[in-house]
Amino acid sequence: MPPAKKTAKKTTKKVIAKKKSLVKKSVAEKKGDTKKNKKIFEPIRGMKDIVPRDEKYWLAIWKSARELARAYSYNYIETPIIEPTQLFVRSIGKGTDVVDKEMYTFDDRDGNKVSMRPEFTAGIARSFISNGMMNMPQPVKLWTRGPLFRYDRPQAGRYRQFHQFGCEVIGGRDPVIDAELINIGYNFYRDLGINTEVYINSIGSLEDRQNYIIELVGYLRSKRSYLSDLSKKRLTKNPLRILDSKDEQDKEVLQDAPQIIEWLSQDSKDFFMKVLEYLDELHIPYVLQPTLVRGLDYYCDTVYEYYVEGGDHTSQGALGGGGRYDALIEQLGGRESTPASGFGLGLERCVLAMKAAQKEGKKVVTQEKPTIFFAQLGEMARRKALRIFEELRRDGVYVMSTLSKGSLRAQLELADSMKVTHTAILGQKEVQDKTIIIRDMATGMQEIIDQKTLAKHLQNILKK
RNA sequence: GUGGCCAUGGUGAAACGGUUAUCACAGAGGUUUGUGGUACCUCUAUUACGGGUUCGAUUCCCGUUGGUCACCCCA
């Protein structure tokens, strides 16, 4: 097997390289050259730090998610990041790329096969069953957020650890549920300054799909010679995926292919029509996309994806997506016929879209900045400042300070760079007089006030 | 997993194969220790890592790692 050879070669090379570097290191150490030994750790491939410069986007996202969940009465749920591998295999499906080649799977110390979650739904479905949520008033509406893991090749907007905001409604099959979910996702983006459109389709029940696949394969076989190599392979493995092939020639062939909508049962058709009617009612822009199928096995009936309105749809793929999964709970050992529906929205892509919208001049987020700086001078003042800061905080007055800085000059410089409107200055003299200086940063005017009135004074400033 | 492009300080850039790798911004400290937005001074990189070619490599070649783009797939 050539691949095995390759890896063997690689490892031996690596070992040699390691040995060499070790020798060099020890020599350097003896010389006392410390700089050389500084090993800089980089994040693991595909992992990314969320750093202060992006704080404003992430905080806005969490806020928007939380407020929407509250507005539509969804309850918070957080499931473990690691679950038994079988949970994902059974729900997402063998043969899907997510399970076959993108999961972080390993043996724990007891030898159990465990995997880091590649999506939320399986874990939440499991939790629904484990916690007996079938005994709560149905349907159960849940929301969650957190990191997910897929061992994909990294690219912009695609990381091995990424984050999603997800909503699930378990224990109800009604088109209005799907419409509500789609609406929440739509509003989520809109609140963040991103205009989206919803690509939507219905893939019917499992039975509908099987009938359709027979028809589709029949059609595609007749045009087999025109298909791309990849699509030829998928003809036997996963024919539905041929539908969203990006190959131009495939697309041409697909133009005359049978459409899944025509193969839906009456029940699924009616259901889908209702969903669309509700979306019309909500004025949500949607595009019927007969080729939209989605990669996870548990989906049925309604499936949808969010895209930036008028954006380039191929580059980073969808911002988020979701669908109905009526059979999953039962399949995982839950009560018979517990239909459900949900979505997951990719937040890294959301941040990307927010930045793009901002570049176009849209106001996306406003960062909350302190408006008052609290400067202190000398050890006595510093001690007093510690206490005053606490008192102010209890009164709900948030001020910014850096107690670790000594010189007033440095503190005022910082206050200036933070663009605060006022600075409170506490020095030796003020501590003794029980007063404090309030400096207006724009005019340079200073006012000496009694420490007792400080909270009120600052509150008045903040009100302006 | 496949293919293309790329890799210089915290950030953005510069340096025909040739002496101490240049500039701007950001950061830290300071210009006699109680007053900012300006000015000045000092500090902050053995050019991603490891090899090779060469008298000499940031510059050329190979490998590794990482980024990025297009696939696969997905968020």
# chains A, B, ... in the order shown; residues from 1 in each chain; ligands from 1
call {"tool": "select_by_dssp", "arguments": {"residues": "stretch 61-301 of chain A", "states": "strand (DSSP E)", "output": "number ranges by chain"}}
result
A: 75-76, 82-84, 105-107, 113-116, 140-149, 161-170, 196-202, 286-288, 300-301
call {"tool": "write_last_selection", "arguments": {"atoms": "N, CA and C atoms", "output": "short mmCIF file (atom, residue, chain, number, x, y, z; two decimals), in the first residue's frame"}}
result
data_model
loop_
_atom_site.label_atom_id
_atom_site.label_comp_id
_atom_site.auth_asym_id
_atom_site.auth_seq_id
_atom_site.Cartn_x
_atom_site.Cartn_y
_atom_site.Cartn_z
N ASN A 75 -35.80 27.33 25.52
CA ASN A 75 -35.01 27.14 26.74
C ASN A 75 -33.61 26.69 26.41
N TYR A 76 -32.69 27.12 27.27
CA TYR A 76 -31.28 26.84 27.02
C TYR A 76 -30.92 25.40 27.34
N ILE A 82 -18.23 15.85 23.98
CA ILE A 82 -17.89 14.48 23.58
C ILE A 82 -19.08 13.56 23.83
N GLU A 83 -19.38 12.73 22.86
CA GLU A 83 -20.46 11.76 22.97
C GLU A 83 -19.93 10.44 22.42
N PRO A 84 -20.66 9.34 22.70
CA PRO A 84 -20.26 8.07 22.09
C PRO A 84 -20.27 8.19 20.56
N THR A 105 -12.44 11.39 16.31
CA THR A 105 -12.83 10.18 17.04
C THR A 105 -11.59 9.57 17.68
N PHE A 106 -11.73 9.12 18.92
CA PHE A 106 -10.60 8.46 19.58
C PHE A 106 -11.10 7.56 20.69
N ASP A 107 -10.21 6.73 21.19
CA ASP A 107 -10.54 5.85 22.31
C ASP A 107 -10.22 6.58 23.61
N LYS A 113 -15.06 4.12 22.31
CA LYS A 113 -14.96 5.01 21.16
C LYS A 113 -15.81 6.25 21.42
N VAL A 114 -15.13 7.39 21.44
CA VAL A 114 -15.86 8.64 21.65
C VAL A 114 -15.53 9.61 20.52
N SER A 115 -16.44 10.56 20.28
CA SER A 115 -16.21 11.54 19.24
C SER A 115 -16.58 12.92 19.73
N MET A 116 -15.88 13.91 19.21
CA MET A 116 -16.24 15.29 19.50
C MET A 116 -17.37 15.66 18.55
N VAL A 140 -41.10 20.60 22.83
CA VAL A 140 -40.07 21.19 23.66
C VAL A 140 -39.20 22.07 22.77
N LYS A 141 -39.06 23.32 23.16
CA LYS A 141 -38.29 24.25 22.34
C LYS A 141 -36.95 24.53 23.03
N LEU A 142 -35.87 24.24 22.34
CA LEU A 142 -34.54 24.35 22.94
C LEU A 142 -33.61 25.19 22.08
N TRP A 143 -32.70 25.88 22.76
CA TRP A 143 -31.64 26.57 22.00
C TRP A 143 -30.30 26.28 22.64
N THR A 144 -29.27 26.37 21.85
CA THR A 144 -27.93 26.08 22.35
C THR A 144 -26.89 26.86 21.55
N ARG A 145 -25.70 26.83 22.05
CA ARG A 145 -24.59 27.50 21.37
C ARG A 145 -23.32 26.83 21.84
N GLY A 146 -22.28 26.92 21.05
CA GLY A 146 -21.03 26.33 21.49
C GLY A 146 -20.18 25.83 20.35
N PRO A 147 -19.05 25.21 20.71
CA PRO A 147 -18.12 24.75 19.70
C PRO A 147 -18.47 23.39 19.11
N LEU A 148 -18.14 23.23 17.86
CA LEU A 148 -18.33 21.96 17.15
C LEU A 148 -17.02 21.64 16.45
N PHE A 149 -16.83 20.39 16.09
CA PHE A 149 -15.53 19.97 15.55
C PHE A 149 -15.69 19.11 14.30
N GLN A 161 -12.42 23.70 14.59
CA GLN A 161 -13.33 24.02 15.70
C GLN A 161 -14.09 25.26 15.28
N PHE A 162 -15.40 25.14 15.26
CA PHE A 162 -16.19 26.30 14.88
C PHE A 162 -17.40 26.38 15.81
N HIS A 163 -18.15 27.46 15.68
CA HIS A 163 -19.24 27.66 16.62
C HIS A 163 -20.58 27.81 15.91
N GLN A 164 -21.59 27.37 16.58
CA GLN A 164 -22.92 27.54 16.03
C GLN A 164 -23.90 28.01 17.09
N PHE A 165 -24.95 28.62 16.61
CA PHE A 165 -26.14 28.91 17.41
C PHE A 165 -27.21 27.99 16.85
N GLY A 166 -27.84 27.22 17.71
CA GLY A 166 -28.81 26.25 17.22
C GLY A 166 -30.12 26.30 17.97
N CYS A 167 -31.20 26.00 17.27
CA CYS A 167 -32.52 25.88 17.88
C CYS A 167 -33.14 24.57 17.44
N GLU A 168 -33.81 23.91 18.36
CA GLU A 168 -34.48 22.65 18.03
C GLU A 168 -35.87 22.67 18.65
N VAL A 169 -36.84 22.19 17.91
CA VAL A 169 -38.19 22.02 18.45
C VAL A 169 -38.53 20.54 18.34
N ILE A 170 -38.65 19.89 19.49
CA ILE A 170 -38.83 18.44 19.49
C ILE A 170 -40.22 18.09 20.02
N THR A 196 -30.31 38.24 4.52
CA THR A 196 -30.16 36.90 3.97
C THR A 196 -31.36 36.53 3.13
N GLU A 197 -31.18 35.49 2.33
CA GLU A 197 -32.33 34.86 1.71
C GLU A 197 -32.25 33.37 2.00
N VAL A 198 -33.42 32.77 2.06
CA VAL A 198 -33.50 31.39 2.48
C VAL A 198 -33.69 30.51 1.25
N TYR A 199 -32.77 29.57 1.07
CA TYR A 199 -32.94 28.56 0.03
C TYR A 199 -33.66 27.39 0.66
N ILE A 200 -34.75 26.99 0.05
CA ILE A 200 -35.59 26.01 0.71
C ILE A 200 -36.04 24.91 -0.25
N ASN A 201 -36.26 23.74 0.32
CA ASN A 201 -36.72 22.61 -0.48
C ASN A 201 -37.40 21.62 0.47
N SER A 202 -38.10 20.68 -0.10
CA SER A 202 -38.62 19.59 0.71
C SER A 202 -38.13 18.29 0.12
N TYR A 286 -37.54 33.89 0.22
CA TYR A 286 -37.01 32.54 0.05
C TYR A 286 -36.92 32.18 -1.43
N VAL A 287 -36.06 31.27 -1.72
CA VAL A 287 -35.87 30.81 -3.09
C VAL A 287 -36.08 29.30 -3.09
N LEU A 288 -37.01 28.84 -3.90
CA LEU A 288 -37.22 27.40 -4.01
C LEU A 288 -36.04 26.79 -4.73
N CYS A 300 -35.73 15.17 6.82
CA CYS A 300 -36.89 14.82 6.00
C CYS A 300 -37.70 16.09 5.78
N ASP A 301 -38.57 16.05 4.83
CA ASP A 301 -39.42 17.21 4.50
C ASP A 301 -38.63 18.51 4.37
#
call {"tool": "residues_around", "arguments": {"residues": "A:Gly193", "least_positions_apart": "6", "cutoff": "10 Å", "atoms": "only C-alpha atoms (C1' of nucleotides)", "output": "mmCIF file with N, CA and C atoms, in the first residue's frame"}}
result
data_model
loop_
_atom_site.group_PDB
_atom_site.id
_atom_site.type_symbol
_atom_site.label_atom_id
_atom_site.label_comp_id
_atom_site.auth_asym_id
_atom_site.auth_seq_id
_atom_site.Cartn_x
_atom_site.Cartn_y
_atom_site.Cartn_z
ATOM 1 N N ASN A 187 -34.208 36.387 11.456
ATOM 2 C CA ASN A 187 -34.125 37.552 12.341
ATOM 3 C C ASN A 187 -32.770 37.674 13.017
ATOM 4 N N ALA A 353 -19.541 37.654 7.541
ATOM 5 C CA ALA A 353 -20.597 38.405 6.857
ATOM 6 C C ALA A 353 -20.797 39.768 7.513
ATOM 7 N N MET A 354 -20.667 39.805 8.839
ATOM 8 C CA MET A 354 -20.810 41.083 9.542
ATOM 9 C C MET A 354 -19.709 42.042 9.121
ATOM 10 N N LYS A 355 -18.497 41.511 9.014
ATOM 11 C CA LYS A 355 -17.377 42.358 8.609
ATOM 12 C C LYS A 355 -17.578 42.863 7.180
ATOM 13 N N ALA A 357 -20.444 43.274 5.676
ATOM 14 C CA ALA A 357 -21.528 44.266 5.697
ATOM 15 C C ALA A 357 -21.005 45.597 6.214
ATOM 16 N N GLN A 358 -20.101 45.519 7.168
ATOM 17 C CA GLN A 358 -19.543 46.727 7.751
ATOM 18 C C GLN A 358 -18.688 47.485 6.726
ATOM 19 N N LYS A 362 -22.440 49.511 6.375
ATOM 20 C CA LYS A 362 -23.586 49.265 7.246
ATOM 21 C C LYS A 362 -23.148 49.276 8.702
ATOM 22 N N LYS A 363 -24.020 49.790 9.529
ATOM 23 C CA LYS A 363 -23.726 49.774 10.956
ATOM 24 C C LYS A 363 -24.099 48.415 11.498
ATOM 25 N N VAL A 364 -23.109 47.670 11.897
ATOM 26 C CA VAL A 364 -23.364 46.303 12.320
ATOM 27 C C VAL A 364 -23.377 46.184 13.835
ATOM 28 N N VAL A 365 -22.354 46.706 14.457
ATOM 29 C CA VAL A 365 -22.278 46.613 15.904
ATOM 30 C C VAL A 365 -21.720 47.908 16.480
#
call {"tool": "residues_around", "arguments": {"residues": "B:A45", "least_positions_apart": "2", "cutoff": "10 Å", "atoms": "only C-alpha atoms (C1' of nucleotides)", "output": "PyMOL selection string"}}
result
chain B and resi 8-9+21+47
call {"tool": "closest_atom_pairs", "arguments": {"of": "chain A", "to": "chain B", "cutoff": "9 Å", "atoms": "only C-alpha atoms (C1' of nucleotides)", "output": "JSON lines"}}
result
{"residue": "A:Lys14", "atom": "CA", "partner": "B:U64", "partner_atom": "C1'", "distance": 8.4}
{"residue": "A:Ala17", "atom": "CA", "partner": "B:G50", "partner_atom": "C1'", "distance": 6.9}
{"residue": "A:Ser21", "atom": "CA", "partner": "B:G50", "partner_atom": "C1'", "distance": 8.4}
{"residue": "A:Lys36", "atom": "CA", "partner": "B:U46", "partner_atom": "C1'", "distance": 8.4}
{"residue": "A:Glu42", "atom": "CA", "partner": "B:G66", "partner_atom": "C1'", "distance": 8.8}
{"residue": "A:Arg45", "atom": "CA", "partner": "B:G66", "partner_atom": "C1'", "distance": 7.4}
{"residue": "A:Asp97", "atom": "CA", "partner": "B:C73", "partner_atom": "C1'", "distance": 6.6}
{"residue": "A:Val98", "atom": "CA", "partner": "B:C73", "partner_atom": "C1'", "distance": 7.9}
{"residue": "A:Lys101", "atom": "CA", "partner": "B:G1", "partner_atom": "C1'", "distance": 8.6}
{"residue": "A:Asp152", "atom": "CA", "partner": "B:C73", "partner_atom": "C1'", "distance": 8.2}
{"residue": "A:Arg153", "atom": "CA", "partner": "B:G1", "partner_atom": "C1'", "distance": 8.4}
{"residue": "A:Gln155", "atom": "CA", "partner": "B:U68", "partner_atom": "C1'", "distance": 6.8}
{"residue": "A:Ala156", "atom": "CA", "partner": "B:U68", "partner_atom": "C1'", "distance": 7.4}
{"residue": "A:Gly157", "atom": "CA", "partner": "B:A75", "partner_atom": "C1'", "distance": 8.1}
{"residue": "A:Arg158", "atom": "CA", "partner": "B:A75", "partner_atom": "C1'", "distance": 7.3}
{"residue": "A:Phe162", "atom": "CA", "partner": "B:A75", "partner_atom": "C1'", "distance": 7.8}
{"residue": "A:His163", "atom": "CA", "partner": "B:A75", "partner_atom": "C1'", "distance": 8.2}
{"residue": "A:Gln164", "atom": "CA", "partner": "B:A75", "partner_atom": "C1'", "distance": 7.5}
{"residue": "A:Arg294", "atom": "CA", "partner": "B:C74", "partner_atom": "C1'", "distance": 8.9}
{"residue": "A:Gly295", "atom": "CA", "partner": "B:C74", "partner_atom": "C1'", "distance": 7.9}
{"residue": "A:Gln316", "atom": "CA", "partner": "B:A75", "partner_atom": "C1'", "distance": 8.8}
{"residue": "A:Gly317", "atom": "CA", "partner": "B:C74", "partner_atom": "C1'", "distance": 7.3}
{"residue": "A:Ala318", "atom": "CA", "partner": "B:A75", "partner_atom": "C1'", "distance": 6.8}
{"residue": "A:Leu319", "atom": "CA", "partner": "B:A75", "partner_atom": "C1'", "distance": 6.2}
{"residue": "A:Gly320", "atom": "CA", "partner": "B:A75", "partner_atom": "C1'", "distance": 5.7}
{"residue": "A:Gly321", "atom": "CA", "partner": "B:A75", "partner_atom": "C1'", "distance": 7.9}
{"residue": "A:Gly344", "atom": "CA", "partner": "B:A75", "partner_atom": "C1'", "distance": 7.7}
{"residue": "A:Leu345", "atom": "CA", "partner": "B:A75", "partner_atom": "C1'", "distance": 6.5}
{"residue": "A:Gly346", "atom": "CA", "partner": "B:A75", "partner_atom": "C1'", "distance": 4.3}
{"residue": "A:Leu347", "atom": "CA", "partner": "B:A75", "partner_atom": "C1'", "distance": 7.6}
{"residue": "A:Glu348", "atom": "CA", "partner": "B:A75", "partner_atom": "C1'", "distance": 8.0}
{"residue": "A:Arg349", "atom": "CA", "partner": "B:A75", "partner_atom": "C1'", "distance": 7.2}
{"residue": "A:Leu377", "atom": "CA", "partner": "B:G34", "partner_atom": "C1'", "distance": 7.3}
{"residue": "A:Ser407", "atom": "CA", "partner": "B:U33", "partner_atom": "C1'", "distance": 8.1}
{"residue": "A:Leu408", "atom": "CA", "partner": "B:U35", "partner_atom": "C1'", "distance": 6.5}
{"residue": "A:Arg409", "atom": "CA", "partner": "B:U35", "partner_atom": "C1'", "distance": 6.3}
{"residue": "A:Ala410", "atom": "CA", "partner": "B:G36", "partner_atom": "C1'", "distance": 8.1}
{"residue": "A:Gln411", "atom": "CA", "partner": "B:G36", "partner_atom": "C1'", "distance": 8.0}
{"residue": "A:Leu412", "atom": "CA", "partner": "B:G36", "partner_atom": "C1'", "distance": 4.6}
{"residue": "A:Glu413", "atom": "CA", "partner": "B:G36", "partner_atom": "C1'", "distance": 4.5}
{"residue": "A:Leu414", "atom": "CA", "partner": "B:G36", "partner_atom": "C1'", "distance": 7.7}
{"residue": "A:Ala415", "atom": "CA", "partner": "B:G36", "partner_atom": "C1'", "distance": 7.2}
{"residue": "A:Asp416", "atom": "CA", "partner": "B:G36", "partner_atom": "C1'", "distance": 5.6}
{"residue": "A:Ser417", "atom": "CA", "partner": "B:G37", "partner_atom": "C1'", "distance": 8.1}
{"residue": "A:Gly427", "atom": "CA", "partner": "B:G34", "partner_atom": "C1'", "distance": 7.2}
{"residue": "A:Gln428", "atom": "CA", "partner": "B:G34", "partner_atom": "C1'", "distance": 8.9}
{"residue": "A:Met441", "atom": "CA", "partner": "B:G36", "partner_atom": "C1'", "distance": 8.0}
call {"tool": "residues_around", "arguments": {"residues": "A:Ala327", "least_positions_apart": "3", "cutoff": "10 Å", "atoms": "only C-alpha atoms (C1' of nucleotides)", "output": "list in words"}}
result
Ser91, Ser205, Leu206, Tyr298, Tyr299, Cys300, Arg324, Glu330, Gln331, Leu332, Gly334, Glu336, Ser337, Thr338, Pro339 and Ala340 of chain A
call {"tool": "write_last_selection", "arguments": {"atoms": "C-alpha atoms", "output": "tab-separated table (two decimals), in the first residue's frame"}}
result
chain	number	residue	atom	x	y	z
A	91	SER	CA	-28.00	9.74	13.60
A	205	SER	CA	-40.37	11.23	3.81
A	206	LEU	CA	-37.86	8.41	3.65
A	298	TYR	CA	-31.74	12.32	9.38
A	299	TYR	CA	-33.41	15.13	7.47
A	300	CYS	CA	-36.89	14.82	6.00
A	324	ARG	CA	-36.93	18.59	9.90
A	330	GLU	CA	-37.38	7.24	17.60
A	331	GLN	CA	-34.36	5.92	15.80
A	332	LEU	CA	-32.20	6.76	18.81
A	334	GLY	CA	-36.92	7.56	22.05
A	336	GLU	CA	-42.42	6.41	18.91
A	337	SER	CA	-43.26	9.25	16.56
A	338	THR	CA	-41.49	12.18	18.13
A	339	PRO	CA	-41.12	14.52	15.17
A	340	ALA	CA	-38.68	17.41	15.38
call {"tool": "residues_around", "arguments": {"residues": "A:Trp263", "least_positions_apart": "4", "cutoff": "12 Å", "atoms": "only C-alpha atoms (C1' of nucleotides)", "output": "VMD selection string"}}
result
chain A and resid 202 to 216 258 to 259 267 to 269 290 301
call {"tool": "write_last_selection", "arguments": {"atoms": "N, CA and C atoms", "output": "PDB file, in the first residue's frame"}}
result
ATOM      1  N   SER A 202     -38.096  20.682  -0.101  1.00  0.00           N
ATOM      2  CA  SER A 202     -38.623  19.593   0.708  1.00  0.00           C
ATOM      3  C   SER A 202     -38.132  18.286   0.120  1.00  0.00           C
ATOM      4  N   ILE A 203     -37.625  17.430   0.989  1.00  0.00           N
ATOM      5  CA  ILE A 203     -37.136  16.147   0.489  1.00  0.00           C
ATOM      6  C   ILE A 203     -38.052  15.004   0.924  1.00  0.00           C
ATOM      7  N   GLY A 204     -39.220  15.362   1.480  1.00  0.00           N
ATOM      8  CA  GLY A 204     -40.250  14.370   1.767  1.00  0.00           C
ATOM      9  C   GLY A 204     -39.863  13.347   2.813  1.00  0.00           C
ATOM     10  N   SER A 205     -40.637  12.295   2.854  1.00  0.00           N
ATOM     11  CA  SER A 205     -40.370  11.227   3.812  1.00  0.00           C
ATOM     12  C   SER A 205     -39.318  10.292   3.239  1.00  0.00           C
ATOM     13  N   LEU A 206     -38.861   9.392   4.082  1.00  0.00           N
ATOM     14  CA  LEU A 206     -37.858   8.414   3.648  1.00  0.00           C
ATOM     15  C   LEU A 206     -38.375   7.624   2.448  1.00  0.00           C
ATOM     16  N   GLU A 207     -39.631   7.273   2.518  1.00  0.00           N
ATOM     17  CA  GLU A 207     -40.244   6.492   1.440  1.00  0.00           C
ATOM     18  C   GLU A 207     -40.274   7.297   0.139  1.00  0.00           C
ATOM     19  N   ASP A 208     -40.716   8.549   0.255  1.00  0.00           N
ATOM     20  CA  ASP A 208     -40.746   9.415  -0.923  1.00  0.00           C
ATOM     21  C   ASP A 208     -39.373   9.470  -1.563  1.00  0.00           C
ATOM     22  N   ARG A 209     -38.383   9.591  -0.686  1.00  0.00           N
ATOM     23  CA  ARG A 209     -37.032   9.782  -1.172  1.00  0.00           C
ATOM     24  C   ARG A 209     -36.532   8.537  -1.889  1.00  0.00           C
ATOM     25  N   GLN A 210     -36.878   7.388  -1.313  1.00  0.00           N
ATOM     26  CA  GLN A 210     -36.441   6.143  -1.956  1.00  0.00           C
ATOM     27  C   GLN A 210     -37.049   5.984  -3.337  1.00  0.00           C
ATOM     28  N   ASN A 211     -38.328   6.304  -3.438  1.00  0.00           N
ATOM     29  CA  ASN A 211     -38.976   6.246  -4.746  1.00  0.00           C
ATOM     30  C   ASN A 211     -38.319   7.203  -5.717  1.00  0.00           C
ATOM     31  N   TYR A 212     -38.031   8.388  -5.219  1.00  0.00           N
ATOM     32  CA  TYR A 212     -37.447   9.412  -6.072  1.00  0.00           C
ATOM     33  C   TYR A 212     -36.052   9.002  -6.533  1.00  0.00           C
ATOM     34  N   ILE A 213     -35.287   8.432  -5.601  1.00  0.00           N
ATOM     35  CA  ILE A 213     -33.925   8.048  -5.944  1.00  0.00           C
ATOM     36  C   ILE A 213     -33.925   7.033  -7.090  1.00  0.00           C
ATOM     37  N   ILE A 214     -34.848   6.082  -7.043  1.00  0.00           N
ATOM     38  CA  ILE A 214     -34.957   5.099  -8.120  1.00  0.00           C
ATOM     39  C   ILE A 214     -35.185   5.806  -9.455  1.00  0.00           C
ATOM     40  N   GLU A 215     -36.082   6.769  -9.422  1.00  0.00           N
ATOM     41  CA  GLU A 215     -36.399   7.520 -10.636  1.00  0.00           C
ATOM     42  C   GLU A 215     -35.191   8.328 -11.105  1.00  0.00           C
ATOM     43  N   LEU A 216     -34.553   9.000 -10.154  1.00  0.00           N
ATOM     44  CA  LEU A 216     -33.414   9.856 -10.480  1.00  0.00           C
ATOM     45  C   LEU A 216     -32.266   9.037 -11.059  1.00  0.00           C
ATOM     46  N   PRO A 258     -35.769  14.563 -13.077  1.00  0.00           N
ATOM     47  CA  PRO A 258     -37.004  14.626 -12.301  1.00  0.00           C
ATOM     48  C   PRO A 258     -36.760  15.392 -11.006  1.00  0.00           C
ATOM     49  N   GLN A 259     -37.744  16.163 -10.574  1.00  0.00           N
ATOM     50  CA  GLN A 259     -37.579  16.958  -9.354  1.00  0.00           C
ATOM     51  C   GLN A 259     -38.259  16.272  -8.187  1.00  0.00           C
ATOM     52  N   ASP A 267     -49.215  14.238   1.753  1.00  0.00           N
ATOM     53  CA  ASP A 267     -49.005  14.804   3.085  1.00  0.00           C
ATOM     54  C   ASP A 267     -47.799  15.744   3.105  1.00  0.00           C
ATOM     55  N   SER A 268     -46.682  15.294   2.537  1.00  0.00           N
ATOM     56  CA  SER A 268     -45.471  16.116   2.513  1.00  0.00           C
ATOM     57  C   SER A 268     -45.662  17.360   1.659  1.00  0.00           C
ATOM     58  N   LYS A 269     -46.382  17.182   0.562  1.00  0.00           N
ATOM     59  CA  LYS A 269     -46.638  18.323  -0.322  1.00  0.00           C
ATOM     60  C   LYS A 269     -47.440  19.390   0.417  1.00  0.00           C
ATOM     61  N   PRO A 290     -34.884  23.247  -5.876  1.00  0.00           N
ATOM     62  CA  PRO A 290     -35.210  21.815  -5.966  1.00  0.00           C
ATOM     63  C   PRO A 290     -34.003  20.905  -5.808  1.00  0.00           C
ATOM     64  N   ASP A 301     -38.572  16.052   4.828  1.00  0.00           N
ATOM     65  CA  ASP A 301     -39.424  17.206   4.504  1.00  0.00           C
ATOM     66  C   ASP A 301     -38.632  18.506   4.373  1.00  0.00           C
TER      67      ASP A 301
END
call {"tool": "closest_residue", "arguments": {"among": "B:G27, B:G12, B:G56, B:G18", "to": "B:C43", "atoms": "only C-alpha atoms (C1' of nucleotides)"}}
result
B:G27
call {"tool": "residues_around", "arguments": {"residues": "stretch 235-238 of chain A", "least_positions_apart": "3", "cutoff": "10 Å", "atoms": "only C-alpha atoms (C1' of nucleotides)", "output": "ChimeraX atom specification"}}
result
/A:95-96,213,216-218,220-221,224,227,229-232,241-242,295
call {"tool": "atom_distance", "arguments": {"atom1": "atom CA of A:Ile388", "atom2": "atom CA of A:Ser404"}}
result
15.7 Å
call {"tool": "atom_distance", "arguments": {"atom1": "atom CA of A:Pro80", "atom2": "atom CA of A:Arg117"}}
result
8.2 Å
